[in-house]
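Engineer: I am attaching a structure below and will ask some questions about it afterwards.
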Amino acid sequence: MANGSRTQPEADCGRGETRSPRSPRSSPSPRSQLERVLNPKTVAIVGIGDDSLFASSAERSLRSDAEIFFVHPRHRSAFGRATYPDLVALGRPVDAVFSVVSAERTVEVVQQAAQIGAGGVITIAAGFAEVGPVGAALQDRMLDAARAGNLPVIGPNGVGLINVPRQLDLTMLGVFDRRAGGLSAVTHSGAMIEAMAASAWRAGGVGFNLLISAGNEAVTDVADFLDYLADDPMTKVIALAVEKIRRPDVFFAAAHRCLEAGKPIVAMKMGKGERAQRMAASHTGTLTTDAWVYDVAFRQAGIQPAHDIDDLIDRVQFLEQLSREHWSPVTGLAVLTMTGGFAQLSSDLAEEEHVDVPEATGLRAWLAEAVPGGTVPNPLDATGFAGSREGMWEEIVDKYAGADDFDILLYTSQHAEWDTRAEPFVETFVAGGRRRNIPMIVGPLAGNPGSWLDSFRSADVAIGNGLRGCFRGLHTMGAFMRTRPDARVPDPTSVPPVPRPADWIDADAGRMLTFSATMELLSAAGISVAPYQLVEDGRDWEGPVFGGPYVVKLADVAHRTDHGAVQVNVSDREVAAAIARLQALAADHGLPPLVAIQPMLSGHGEAFIGIQGSSELGPLVVFGIGGVFVEALREVRGRLAPLTEQDAADLLDEFAATGMIDGFRGGQPWDRPALVAALVSAGRLGAGGRAWIESIDINPLIITPGGPVAVDGLCLLRAGA
């Protein structure tokens, strides 16, 4: 099982996520197994010699407290130590095996690791499922060997593992600066590890614990690592850079355990754009879809979003730097500056980044007396007066740190490497905050903070990265602290299966339930539906069983407006003629001739509920303002199914800004409890029918004085259901 120390496996640092023809393990790796490979006491390094491209990683790992063994079939020694020809020759189990050999040889390494009772394997080799059927077959062989030995495998097609506090660099990455700390990161794309480290390496910055490259996830996936990190005492905050979540149920269960443990997760979803999806497909053979669903699911699970690497590091920086007891909900931020321009920009950016900077009107009288020309208490422009009068700056800091309006303080100035004049002001700021036991942030307006600021970093003082970066870090910390402790994505299998109705037809939109079957399905799920009467032949019609005016439409046509197959506000005497016209239209266009007649309901609003039976992350419920507003506003929000009542209430709250739900321009407010009940019912239907529902559109859902009523529904069936 040799690769030779001069041969570099074709590992890809750019994009490691690839679906094997078979899934990773069906349940999370036991924590004890992952503990052995992620925090090993003994390590066997396979395929690295003194002249290897990866020699530097082995040399750095030799500085750790782990016992290191070298395995190489062609070299008798490596780094001054005797080598072994293969893993079996070790004659003992080891906790972690780090392999840099080729794909074919990697399979042998995993087989031998299982044979000797190793804790796990870390492999960087490419040439597996990401390259096609031949590689997929190799990946399946490796998966079989790992499962036979209950063996976690990190990779393949990744960059490995770094345990920063232990100085274990079981990776193909070169040397880069990093400090030990509380952030653990899991990425699909291995190069993201270096990018995170580059962004974090600055004054203040972020310290790391575990850096894990999941790669193809042939055996062990992000859900396994997340489950481990929920209990890891060295992990304080978790960063994810993910392309695809393979096992949503296990992943979101692990995410909830992290939330229960008080560990924030900040995640960056890659491959959101259409072009990025094509790039992922060309590399991995799997199309990363449903990017919007990830935003929905992360919000529902209490996972905080990030958009790029710098953004991610900015968002975790204060969570990593400050002690947990000093994490703030940021319901009141005081911003202290020395110039008017800084104060104005702070106000603008705080609004853009959704950080609450209260006006603190109670300080106006004091401010007008203490600071000549001072009129706006927050953000405060202390101007030159802060340094012109002895004790003035100290008085300002003490006043703001003690005010009930504020739960955290930010002092922003140049704070650059050359700006050492600010050092005594920072000292006073820190001392004043500590007297009042309030967390403090010191951040430059722009650029990197000066290295002299590092001496102030402590459990209650954090050093930020640019003003916008500071606000992003504050927003994410506050959002996490305000996240409901019961936030989670429910498991759809908790809902019993809903049988598929038998009445379906093939239509232009695909295989769909009939109108009557759809309305009966909604009614059985607990969603109120409007009464209707079906007419097969207008000559037999004897009049509706409900009052008019009426809506008359072809019942089993998916997109009626496209065909002109619906008539509204039809009077009693016009119904027969409307039926005749619609059935003539059906005959001309080859459409089903069945006609549905309904009362024309009046209400004070229209909503839309959609059900997607199976997104990439599971069944989904979508809500929006109905009728023409669905397309005009292009504003829909969602939750993965099934929904709790709180999920549904939170979903409605996201539409507060439209004013529609709470009474637009003095209109009648919508019945929120009834809408919550309808959304919960839709969620149970989506979860229960996940095996056969492609999609369901309930549009419009008329908001009547008696509650929301579905007047129409379109249910498409999944292919092969």
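Order determines the names: the first chain of the structure tokens is A, the second B, and so forth; residues in each chain are numbered 1 upward, and ligands are numbered 1 upward as they are shown.
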Which residues, written as a PyMOL selection string, have at least one atom at most 8 Å from stretch 622-625 of chain A, with only C-alpha atoms counted and residues fewer than 2 positions away on the same chain left out?
Structural biologist: chain A and resi 606-612+620+627+629-630+635-639+651+660
Engineer: Can you list, as number ranges by chain, every residue of stretch 192-321 of chain A that DSSP puts in strand (DSSP E)?
Structural biologist: A: 208-213, 237-242, 265-269, 304-306
Engineer: Keeping only N, CA and C atoms, write those residues as a PDB file, in the first residue's frame.
Structural biologist:
```pdb
ATOM      1  N   PHE A 208      -8.770  28.995  16.915  1.00  0.00           N
ATOM      2  CA  PHE A 208      -9.373  27.760  16.416  1.00  0.00           C
ATOM      3  C   PHE A 208      -9.111  26.589  17.348  1.00  0.00           C
ATOM      4  N   ASN A 209     -10.039  25.646  17.309  1.00  0.00           N
ATOM      5  CA  ASN A 209      -9.884  24.375  17.998  1.00  0.00           C
ATOM      6  C   ASN A 209      -9.669  23.267  16.957  1.00  0.00           C
ATOM      7  N   LEU A 210     -10.739  22.802  16.326  1.00  0.00           N
ATOM      8  CA  LEU A 210     -10.639  21.765  15.296  1.00  0.00           C
ATOM      9  C   LEU A 210     -10.986  22.346  13.933  1.00  0.00           C
ATOM     10  N   LEU A 211     -10.189  22.006  12.928  1.00  0.00           N
ATOM     11  CA  LEU A 211     -10.456  22.377  11.542  1.00  0.00           C
ATOM     12  C   LEU A 211     -10.592  21.073  10.759  1.00  0.00           C
ATOM     13  N   ILE A 212     -11.799  20.793  10.279  1.00  0.00           N
ATOM     14  CA  ILE A 212     -12.115  19.487   9.695  1.00  0.00           C
ATOM     15  C   ILE A 212     -12.558  19.662   8.251  1.00  0.00           C
ATOM     16  N   SER A 213     -11.895  18.963   7.350  1.00  0.00           N
ATOM     17  CA  SER A 213     -12.284  18.953   5.942  1.00  0.00           C
ATOM     18  C   SER A 213     -13.072  17.677   5.669  1.00  0.00           C
ATOM     19  N   VAL A 237     -17.764  27.774  19.675  1.00  0.00           N
ATOM     20  CA  VAL A 237     -18.537  28.262  18.533  1.00  0.00           C
ATOM     21  C   VAL A 237     -18.220  27.344  17.356  1.00  0.00           C
ATOM     22  N   ILE A 238     -19.182  27.198  16.434  1.00  0.00           N
ATOM     23  CA  ILE A 238     -19.010  26.288  15.290  1.00  0.00           C
ATOM     24  C   ILE A 238     -19.236  27.051  13.998  1.00  0.00           C
ATOM     25  N   ALA A 239     -18.321  26.877  13.038  1.00  0.00           N
ATOM     26  CA  ALA A 239     -18.462  27.461  11.710  1.00  0.00           C
ATOM     27  C   ALA A 239     -18.589  26.348  10.690  1.00  0.00           C
ATOM     28  N   LEU A 240     -19.517  26.505   9.756  1.00  0.00           N
ATOM     29  CA  LEU A 240     -19.719  25.522   8.695  1.00  0.00           C
ATOM     30  C   LEU A 240     -19.633  26.213   7.342  1.00  0.00           C
ATOM     31  N   ALA A 241     -18.956  25.568   6.398  1.00  0.00           N
ATOM     32  CA  ALA A 241     -18.985  25.984   4.999  1.00  0.00           C
ATOM     33  C   ALA A 241     -19.435  24.760   4.222  1.00  0.00           C
ATOM     34  N   VAL A 242     -20.723  24.720   3.868  1.00  0.00           N
ATOM     35  CA  VAL A 242     -21.316  23.491   3.352  1.00  0.00           C
ATOM     36  C   VAL A 242     -21.789  23.665   1.916  1.00  0.00           C
ATOM     37  N   ILE A 265     -23.947  28.159  15.948  1.00  0.00           N
ATOM     38  CA  ILE A 265     -23.488  27.673  14.648  1.00  0.00           C
ATOM     39  C   ILE A 265     -23.671  28.801  13.647  1.00  0.00           C
ATOM     40  N   VAL A 266     -22.597  29.149  12.956  1.00  0.00           N
ATOM     41  CA  VAL A 266     -22.667  30.120  11.865  1.00  0.00           C
ATOM     42  C   VAL A 266     -22.297  29.371  10.593  1.00  0.00           C
ATOM     43  N   ALA A 267     -23.171  29.422   9.596  1.00  0.00           N
ATOM     44  CA  ALA A 267     -23.004  28.574   8.415  1.00  0.00           C
ATOM     45  C   ALA A 267     -23.010  29.398   7.139  1.00  0.00           C
ATOM     46  N   MET A 268     -22.132  29.025   6.222  1.00  0.00           N
ATOM     47  CA  MET A 268     -22.092  29.594   4.884  1.00  0.00           C
ATOM     48  C   MET A 268     -22.468  28.496   3.905  1.00  0.00           C
ATOM     49  N   LYS A 269     -23.556  28.714   3.155  1.00  0.00           N
ATOM     50  CA  LYS A 269     -23.986  27.755   2.142  1.00  0.00           C
ATOM     51  C   LYS A 269     -23.370  28.140   0.808  1.00  0.00           C
ATOM     52  N   GLN A 304     -27.058  30.637  12.403  1.00  0.00           N
ATOM     53  CA  GLN A 304     -26.862  31.999  11.915  1.00  0.00           C
ATOM     54  C   GLN A 304     -26.180  31.984  10.550  1.00  0.00           C
ATOM     55  N   PRO A 305     -26.652  32.780   9.596  1.00  0.00           N
ATOM     56  CA  PRO A 305     -26.101  32.726   8.240  1.00  0.00           C
ATOM     57  C   PRO A 305     -24.878  33.614   8.066  1.00  0.00           C
ATOM     58  N   ALA A 306     -24.025  33.222   7.121  1.00  0.00           N
ATOM     59  CA  ALA A 306     -22.901  34.050   6.669  1.00  0.00           C
ATOM     60  C   ALA A 306     -22.839  33.933   5.154  1.00  0.00           C
TER      61      ALA A 306
END
```
Engineer: Please identify the alpha helix (DSSP H) residues within stretch 189-424 of chain A (assignment by DSSP from backbone atoms) and present them as an MDAnalysis selection string.
Structural biologist: chainID A and resid 191:200 222:231 248:260 274:284 291:301 309:321 340:352 364:370 385:388 392:402 423:424
Engineer: Print the selection's residues with C-alpha atoms to a file, as an mmCIF file, in the first residue's frame.
Structural biologist:
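So selection_17.cif came out as:
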```cif
data_model
loop_
_atom_site.group_PDB
_atom_site.id
_atom_site.type_symbol
_atom_site.label_atom_id
_atom_site.label_comp_id
_atom_site.auth_asym_id
_atom_site.auth_seq_id
_atom_site.Cartn_x
_atom_site.Cartn_y
_atom_site.Cartn_z
ATOM 1 C CA ALA A 191 -9.282 25.360 1.009
ATOM 2 C CA MET A 192 -11.871 27.222 3.072
ATOM 3 C CA ILE A 193 -9.845 26.242 6.133
ATOM 4 C CA GLU A 194 -6.890 28.324 4.970
ATOM 5 C CA ALA A 195 -9.220 31.171 4.014
ATOM 6 C CA MET A 196 -10.800 31.184 7.478
ATOM 7 C CA ALA A 197 -7.380 31.214 9.079
ATOM 8 C CA ALA A 198 -6.238 34.085 6.865
ATOM 9 C CA SER A 199 -9.272 36.151 7.819
ATOM 10 C CA ALA A 200 -8.908 35.288 11.509
ATOM 11 C CA VAL A 222 -20.965 16.945 8.589
ATOM 12 C CA ALA A 223 -23.848 15.698 10.737
ATOM 13 C CA ASP A 224 -21.472 13.327 12.549
ATOM 14 C CA PHE A 225 -18.946 16.085 13.202
ATOM 15 C CA LEU A 226 -21.647 18.489 14.374
ATOM 16 C CA ASP A 227 -22.974 15.872 16.783
ATOM 17 C CA TYR A 228 -19.453 15.443 18.176
ATOM 18 C CA LEU A 229 -18.870 19.174 18.567
ATOM 19 C CA ALA A 230 -22.084 19.569 20.595
ATOM 20 C CA ASP A 231 -20.310 17.778 23.472
ATOM 21 C CA PRO A 248 -30.989 16.471 7.110
ATOM 22 C CA ASP A 249 -32.719 14.622 9.963
ATOM 23 C CA VAL A 250 -29.428 13.747 11.678
ATOM 24 C CA PHE A 251 -27.863 17.128 10.869
ATOM 25 C CA PHE A 252 -30.716 19.158 12.362
ATOM 26 C CA ALA A 253 -30.941 16.896 15.408
ATOM 27 C CA ALA A 254 -27.226 17.588 15.981
ATOM 28 C CA ALA A 255 -27.780 21.310 15.406
ATOM 29 C CA HIS A 256 -30.442 21.297 18.112
ATOM 30 C CA ARG A 257 -28.042 19.565 20.504
ATOM 31 C CA CYS A 258 -25.535 22.349 19.825
ATOM 32 C CA LEU A 259 -28.224 24.940 20.574
ATOM 33 C CA GLU A 260 -29.093 23.156 23.819
ATOM 34 C CA GLU A 274 -27.253 28.828 -10.895
ATOM 35 C CA ARG A 275 -23.714 28.965 -12.282
ATOM 36 C CA ALA A 276 -22.249 27.777 -8.980
ATOM 37 C CA GLN A 277 -24.697 24.880 -9.066
ATOM 38 C CA ARG A 278 -23.472 23.889 -12.525
ATOM 39 C CA MET A 279 -19.869 24.093 -11.291
ATOM 40 C CA ALA A 280 -20.697 21.824 -8.360
ATOM 41 C CA ALA A 281 -22.423 19.408 -10.689
ATOM 42 C CA SER A 282 -19.504 19.287 -13.107
ATOM 43 C CA HIS A 283 -17.088 18.551 -10.303
ATOM 44 C CA THR A 284 -19.076 16.231 -8.097
ATOM 45 C CA ALA A 291 -30.446 27.061 -2.035
ATOM 46 C CA TRP A 292 -33.375 29.093 -0.703
ATOM 47 C CA VAL A 293 -34.469 26.123 1.381
ATOM 48 C CA TYR A 294 -31.156 26.232 3.244
ATOM 49 C CA ASP A 295 -31.847 29.813 4.320
ATOM 50 C CA VAL A 296 -35.283 28.726 5.533
ATOM 51 C CA ALA A 297 -33.963 25.676 7.368
ATOM 52 C CA PHE A 298 -31.032 27.470 8.988
ATOM 53 C CA ARG A 299 -33.350 30.194 10.277
ATOM 54 C CA GLN A 300 -35.744 27.582 11.663
ATOM 55 C CA ALA A 301 -32.903 25.676 13.354
ATOM 56 C CA ILE A 309 -15.429 33.873 4.576
ATOM 57 C CA ASP A 310 -14.694 37.359 5.912
ATOM 58 C CA ASP A 311 -18.368 37.714 6.789
ATOM 59 C CA LEU A 312 -18.305 34.366 8.600
ATOM 60 C CA ILE A 313 -15.244 35.271 10.665
ATOM 61 C CA ASP A 314 -16.694 38.708 11.459
ATOM 62 C CA ARG A 315 -19.879 37.055 12.684
ATOM 63 C CA VAL A 316 -18.154 34.590 15.013
ATOM 64 C CA GLN A 317 -15.441 36.942 16.295
ATOM 65 C CA PHE A 318 -17.152 38.235 19.441
ATOM 66 C CA LEU A 319 -18.675 34.870 20.275
ATOM 67 C CA GLU A 320 -15.188 33.364 20.194
ATOM 68 C CA GLN A 321 -13.403 36.199 21.965
ATOM 69 C CA GLY A 340 -19.090 63.376 13.871
ATOM 70 C CA GLY A 341 -18.330 61.437 10.692
ATOM 71 C CA PHE A 342 -17.645 58.273 12.662
ATOM 72 C CA ALA A 343 -20.896 58.712 14.579
ATOM 73 C CA GLN A 344 -22.917 59.244 11.396
ATOM 74 C CA LEU A 345 -21.395 56.230 9.676
ATOM 75 C CA SER A 346 -22.003 54.129 12.795
ATOM 76 C CA SER A 347 -25.669 55.079 12.726
ATOM 77 C CA ASP A 348 -25.972 54.171 9.037
ATOM 78 C CA LEU A 349 -24.212 50.829 9.339
ATOM 79 C CA ALA A 350 -26.066 49.850 12.503
ATOM 80 C CA GLU A 351 -29.340 50.297 10.627
ATOM 81 C CA GLU A 352 -28.084 48.348 7.600
ATOM 82 C CA ARG A 364 -29.764 64.356 26.385
ATOM 83 C CA ALA A 365 -29.879 66.772 29.292
ATOM 84 C CA TRP A 366 -26.590 65.504 30.692
ATOM 85 C CA LEU A 367 -25.009 65.484 27.233
ATOM 86 C CA ALA A 368 -26.011 69.084 26.467
ATOM 87 C CA GLU A 369 -24.378 70.196 29.703
ATOM 88 C CA ALA A 370 -21.285 67.975 29.622
ATOM 89 C CA PHE A 385 -13.851 67.634 24.381
ATOM 90 C CA ALA A 386 -13.289 64.054 25.505
ATOM 91 C CA GLY A 387 -9.566 64.747 25.764
ATOM 92 C CA SER A 388 -9.561 68.455 26.447
ATOM 93 C CA MET A 392 -14.186 63.957 30.760
ATOM 94 C CA TRP A 393 -13.707 60.723 28.788
ATOM 95 C CA GLU A 394 -13.881 58.699 31.989
ATOM 96 C CA GLU A 395 -17.144 60.429 32.909
ATOM 97 C CA ILE A 396 -18.604 59.704 29.449
ATOM 98 C CA VAL A 397 -17.692 56.027 29.588
ATOM 99 C CA ASP A 398 -19.018 55.665 33.142
ATOM 100 C CA LYS A 399 -22.286 57.374 32.223
ATOM 101 C CA TYR A 400 -22.900 55.146 29.209
ATOM 102 C CA ALA A 401 -21.764 51.946 30.898
ATOM 103 C CA GLY A 402 -24.222 52.580 33.720
ATOM 104 C CA GLU A 423 -4.238 53.656 23.761
ATOM 105 C CA PRO A 424 -5.015 55.648 26.941
#
```
Engineer: From the set A:Val442, A:Ala146, A:Leu582, A:Ala677, which residue has the shortest atom-to-atom contact distance to A:Thr428, counting only C-alpha atoms?
Structural biologist: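 Under the stated criterion, the closest residue is A:Val442.
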Engineer: Have a look at A:Asp712, A:Asp232, A:Asp537, A:Asp86 and name the one nearest to A:Leu34; count only C-alpha atoms.
Structural biologist: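 Going through A:Asp712, A:Asp232, A:Asp537, A:Asp86 one by one, the smallest distance to A:Leu34 is for A:Asp232.
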Engineer: Near A:Gln533, counting only C-alpha atoms, which residues have an atom at most 7 Å away, once you skip same-chain residues fewer than 2 positions from it, shown as a PyMOL selection string?
Structural biologist: chain A and resi 535+544+596-598
Engineer: May I ask which of the residues A:Glu390, A:Glu35, A:Glu536, A:Asp671 is the closest one to A:Ala118, counting only C-alpha atoms?
Structural biologist: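 Using only C-alpha atoms, A:Ala118 sits closest to A:Glu35.
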Engineer: At what distance in Å, to one decimal, does atom CA of A:Pro619 lie from atom CA of A:Val529?
Structural biologist: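 Value for the atom CA of A:Val529-atom CA of A:Pro619 distance: 22.3 Å.
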Engineer: Closest to A:His475 among A:Val545, A:Leu333, A:Val371, A:Ala586, using only C-alpha atoms?
Structural biologist: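 Going through A:Val545, A:Leu333, A:Val371, A:Ala586 one by one, the smallest distance to A:His475 is for A:Leu333.
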Engineer: Using only C-alpha atoms, determine which residues lie at most 12 Å from stretch 55-69 of chain A, disregarding the query and same-chain residues fewer than 4 positions distant; provide the list as a compact mmCIF listing (two decimals) with N, CA and C atoms, in the first residue's frame.
Structural biologist:
```
# COMPACT_ATOMS: atom_id res chain seq x y z
N SER A 5 6.78 8.74 -1.55
CA SER A 5 6.76 10.06 -0.93
C SER A 5 6.77 11.18 -1.94
N ARG A 6 7.09 10.93 -3.18
CA ARG A 6 7.16 12.01 -4.16
C ARG A 6 5.84 12.22 -4.90
N GLN A 8 1.99 13.11 -5.26
CA GLN A 8 0.91 13.81 -4.58
C GLN A 8 -0.43 13.28 -5.07
N ARG A 36 -11.43 9.50 19.26
CA ARG A 36 -10.12 8.89 18.99
C ARG A 36 -9.46 9.52 17.76
N VAL A 37 -10.23 9.75 16.69
CA VAL A 37 -9.61 10.25 15.47
C VAL A 37 -9.45 11.77 15.48
N LEU A 38 -10.33 12.50 16.17
CA LEU A 38 -10.24 13.95 16.20
C LEU A 38 -9.30 14.46 17.29
N ASN A 39 -9.12 13.66 18.32
CA ASN A 39 -8.26 14.07 19.43
C ASN A 39 -7.37 12.90 19.82
N PRO A 40 -6.53 12.43 18.88
CA PRO A 40 -5.83 11.15 19.07
C PRO A 40 -4.63 11.25 20.01
N LYS A 41 -4.37 10.14 20.68
CA LYS A 41 -3.15 10.01 21.47
C LYS A 41 -2.05 9.34 20.67
N THR A 42 -2.46 8.51 19.69
CA THR A 42 -1.49 7.83 18.83
C THR A 42 -1.91 8.04 17.38
N VAL A 43 -0.91 8.28 16.51
CA VAL A 43 -1.19 8.57 15.10
C VAL A 43 -0.22 7.78 14.24
N ALA A 44 -0.75 7.14 13.20
CA ALA A 44 0.09 6.52 12.17
C ALA A 44 -0.01 7.36 10.91
N ILE A 45 1.12 7.83 10.39
CA ILE A 45 1.16 8.65 9.17
C ILE A 45 1.63 7.75 8.04
N VAL A 46 0.79 7.60 7.01
CA VAL A 46 1.04 6.65 5.94
C VAL A 46 1.39 7.39 4.65
N GLY A 47 2.59 7.11 4.11
CA GLY A 47 2.95 7.62 2.79
C GLY A 47 3.77 8.90 2.79
N ILE A 48 4.17 9.42 3.94
CA ILE A 48 4.97 10.64 4.00
C ILE A 48 6.39 10.30 4.41
N GLY A 49 7.35 10.70 3.58
CA GLY A 49 8.76 10.57 3.89
C GLY A 49 9.40 11.94 4.01
N ASP A 50 10.70 11.97 4.23
CA ASP A 50 11.41 13.25 4.42
C ASP A 50 11.29 14.17 3.22
N ASP A 51 11.21 13.60 2.01
CA ASP A 51 11.17 14.42 0.81
C ASP A 51 9.76 14.54 0.24
N SER A 77 13.23 4.73 7.08
CA SER A 77 13.12 5.71 8.16
C SER A 77 12.48 6.97 7.60
N ALA A 78 11.93 7.75 8.49
CA ALA A 78 11.33 9.04 8.15
C ALA A 78 11.46 9.94 9.36
N PHE A 79 12.02 11.13 9.12
CA PHE A 79 12.17 12.14 10.17
C PHE A 79 12.93 11.59 11.38
N GLY A 80 13.93 10.76 11.08
CA GLY A 80 14.77 10.21 12.13
C GLY A 80 14.16 9.05 12.89
N ARG A 81 13.06 8.51 12.38
CA ARG A 81 12.40 7.40 13.06
C ARG A 81 12.26 6.22 12.10
N ALA A 82 12.31 5.01 12.66
CA ALA A 82 12.11 3.82 11.84
C ALA A 82 10.67 3.78 11.34
N THR A 83 10.48 3.30 10.12
CA THR A 83 9.15 3.19 9.54
C THR A 83 8.68 1.73 9.57
N TYR A 84 7.39 1.57 9.30
CA TYR A 84 6.77 0.25 9.20
C TYR A 84 6.28 0.07 7.76
N PRO A 85 6.33 -1.15 7.24
CA PRO A 85 5.92 -1.34 5.85
C PRO A 85 4.42 -1.19 5.62
N ASP A 86 3.62 -1.49 6.62
CA ASP A 86 2.18 -1.31 6.51
C ASP A 86 1.59 -1.20 7.91
N LEU A 87 0.30 -0.94 7.99
CA LEU A 87 -0.33 -0.74 9.30
C LEU A 87 -0.32 -2.01 10.14
N ALA A 89 1.90 -4.18 10.38
CA ALA A 89 3.22 -4.36 10.98
C ALA A 89 3.38 -3.57 12.28
N LEU A 90 2.49 -2.60 12.52
CA LEU A 90 2.57 -1.87 13.79
C LEU A 90 2.34 -2.81 14.97
N GLY A 91 1.50 -3.81 14.77
CA GLY A 91 1.23 -4.78 15.83
C GLY A 91 0.42 -4.21 16.97
N ARG A 92 -0.30 -3.13 16.73
CA ARG A 92 -1.08 -2.49 17.79
C ARG A 92 -2.10 -1.56 17.14
N PRO A 93 -3.16 -1.23 17.85
CA PRO A 93 -4.10 -0.25 17.33
C PRO A 93 -3.56 1.17 17.51
N VAL A 94 -4.00 2.08 16.68
CA VAL A 94 -3.70 3.49 16.86
C VAL A 94 -5.02 4.25 16.79
N ASP A 95 -5.02 5.46 17.33
CA ASP A 95 -6.27 6.24 17.34
C ASP A 95 -6.59 6.80 15.96
N ALA A 96 -5.60 7.35 15.29
CA ALA A 96 -5.84 7.99 14.00
C ALA A 96 -4.81 7.53 12.99
N VAL A 97 -5.29 7.30 11.76
CA VAL A 97 -4.41 6.99 10.64
C VAL A 97 -4.53 8.13 9.65
N PHE A 98 -3.42 8.80 9.34
CA PHE A 98 -3.41 9.88 8.35
C PHE A 98 -2.73 9.36 7.10
N SER A 99 -3.50 9.28 6.01
CA SER A 99 -3.00 8.67 4.78
C SER A 99 -2.96 9.69 3.65
N VAL A 100 -1.83 9.70 2.93
CA VAL A 100 -1.70 10.58 1.76
C VAL A 100 -1.52 9.77 0.48
N VAL A 159 -8.80 17.93 2.62
CA VAL A 159 -7.43 18.33 2.97
C VAL A 159 -7.01 17.83 4.34
N GLY A 160 -7.92 17.10 5.04
CA GLY A 160 -7.51 16.50 6.29
C GLY A 160 -8.05 17.18 7.53
N LEU A 161 -7.29 17.11 8.60
CA LEU A 161 -7.71 17.55 9.93
C LEU A 161 -6.58 18.31 10.59
N ILE A 162 -6.93 19.41 11.29
CA ILE A 162 -5.96 20.12 12.13
C ILE A 162 -6.56 20.27 13.52
N ASN A 163 -5.87 19.77 14.51
CA ASN A 163 -6.22 20.00 15.90
C ASN A 163 -5.27 21.09 16.39
N VAL A 164 -5.75 22.32 16.43
CA VAL A 164 -4.87 23.47 16.65
C VAL A 164 -4.25 23.47 18.05
N PRO A 165 -5.01 23.29 19.14
CA PRO A 165 -4.36 23.31 20.45
C PRO A 165 -3.32 22.20 20.62
N ARG A 166 -3.56 21.05 19.99
CA ARG A 166 -2.63 19.92 20.12
C ARG A 166 -1.47 20.01 19.12
N GLN A 167 -1.50 20.97 18.19
CA GLN A 167 -0.49 21.13 17.14
C GLN A 167 -0.39 19.88 16.26
N LEU A 168 -1.54 19.26 16.01
CA LEU A 168 -1.60 18.10 15.13
C LEU A 168 -2.07 18.55 13.76
N ASP A 169 -1.18 18.53 12.78
CA ASP A 169 -1.50 18.95 11.41
C ASP A 169 -1.58 17.72 10.51
N LEU A 170 -2.68 17.04 10.55
CA LEU A 170 -2.88 15.85 9.72
C LEU A 170 -3.57 16.31 8.44
N THR A 171 -2.81 17.03 7.63
CA THR A 171 -3.38 17.77 6.51
C THR A 171 -2.37 17.89 5.38
N MET A 172 -2.87 18.17 4.19
CA MET A 172 -2.02 18.46 3.06
C MET A 172 -1.72 19.94 2.94
N LEU A 173 -2.34 20.78 3.78
CA LEU A 173 -2.16 22.21 3.69
C LEU A 173 -0.76 22.62 4.13
N GLY A 174 -0.29 23.70 3.55
CA GLY A 174 1.00 24.23 3.94
C GLY A 174 0.92 24.98 5.26
N VAL A 175 2.02 25.59 5.64
CA VAL A 175 2.09 26.32 6.91
C VAL A 175 1.27 27.60 6.81
N PHE A 176 0.44 27.84 7.79
CA PHE A 176 -0.26 29.13 7.90
C PHE A 176 -0.42 29.48 9.37
```
Engineer: Report as an MDAnalysis selection string all protein, DNA and RNA residues lying within 9 Å of A:Asp221, evaluated on only C-alpha atoms, omitting residues in the same chain fewer than 3 positions from it.
Structural biologist: chainID A and resid 24:25 28 153:155 214:218 224:226 245:247
Engineer: Which residue, A:Asp506, A:Ser494, A:Val568, A:Val621, has the smallest gap to A:Leu591 when you use only C-alpha atoms?
Structural biologist: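 Closest residue, counting only C-alpha atoms: A:Asp506.
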Engineer: Go ahead and compute the interatomic distance for atom CA of A:Gly543 and atom CA of A:Val575, in Å to one decimal.
Structural biologist: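 Answer for the atom CA of A:Gly543 to atom CA of A:Val575 separation: 8.3 Å.
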Engineer: Could you tell me which of A:Leu585, A:Gly478, A:Ala691, A:His72 comes closest to A:Arg560 if we count only C-alpha atoms?
Structural biologist: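 Using only C-alpha atoms, the shortest distance to A:Arg560 belongs to A:Leu585.
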Engineer: Residues near stretch 453-462 of chain A, anyone? I mean within 10 Å using only C-alpha atoms, not counting same-chain ones fewer than 5 positions away, as a ChimeraX atom specification.
Structural biologist: /A:202-205,317-327,409-410,415-417,420,422-423,426-427,430,433-434,437-443,470
Engineer: Env of A:Ser516: 9 Å cut, atoms = only C-alpha atoms, seq-sep filter 5 positions within chain, self excluded. Answer as an MDAnalysis selection string.
Structural biologist: chainID A and resid 503 521 532 534 555:556 596
Engineer: Could you jot down the atom CA of A:His354 to atom CA of A:Phe480 separation for me, Å, one decimal place?
Structural biologist: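 Going from atom CA of A:His354 over to atom CA of A:Phe480 covers 13.6 Å.
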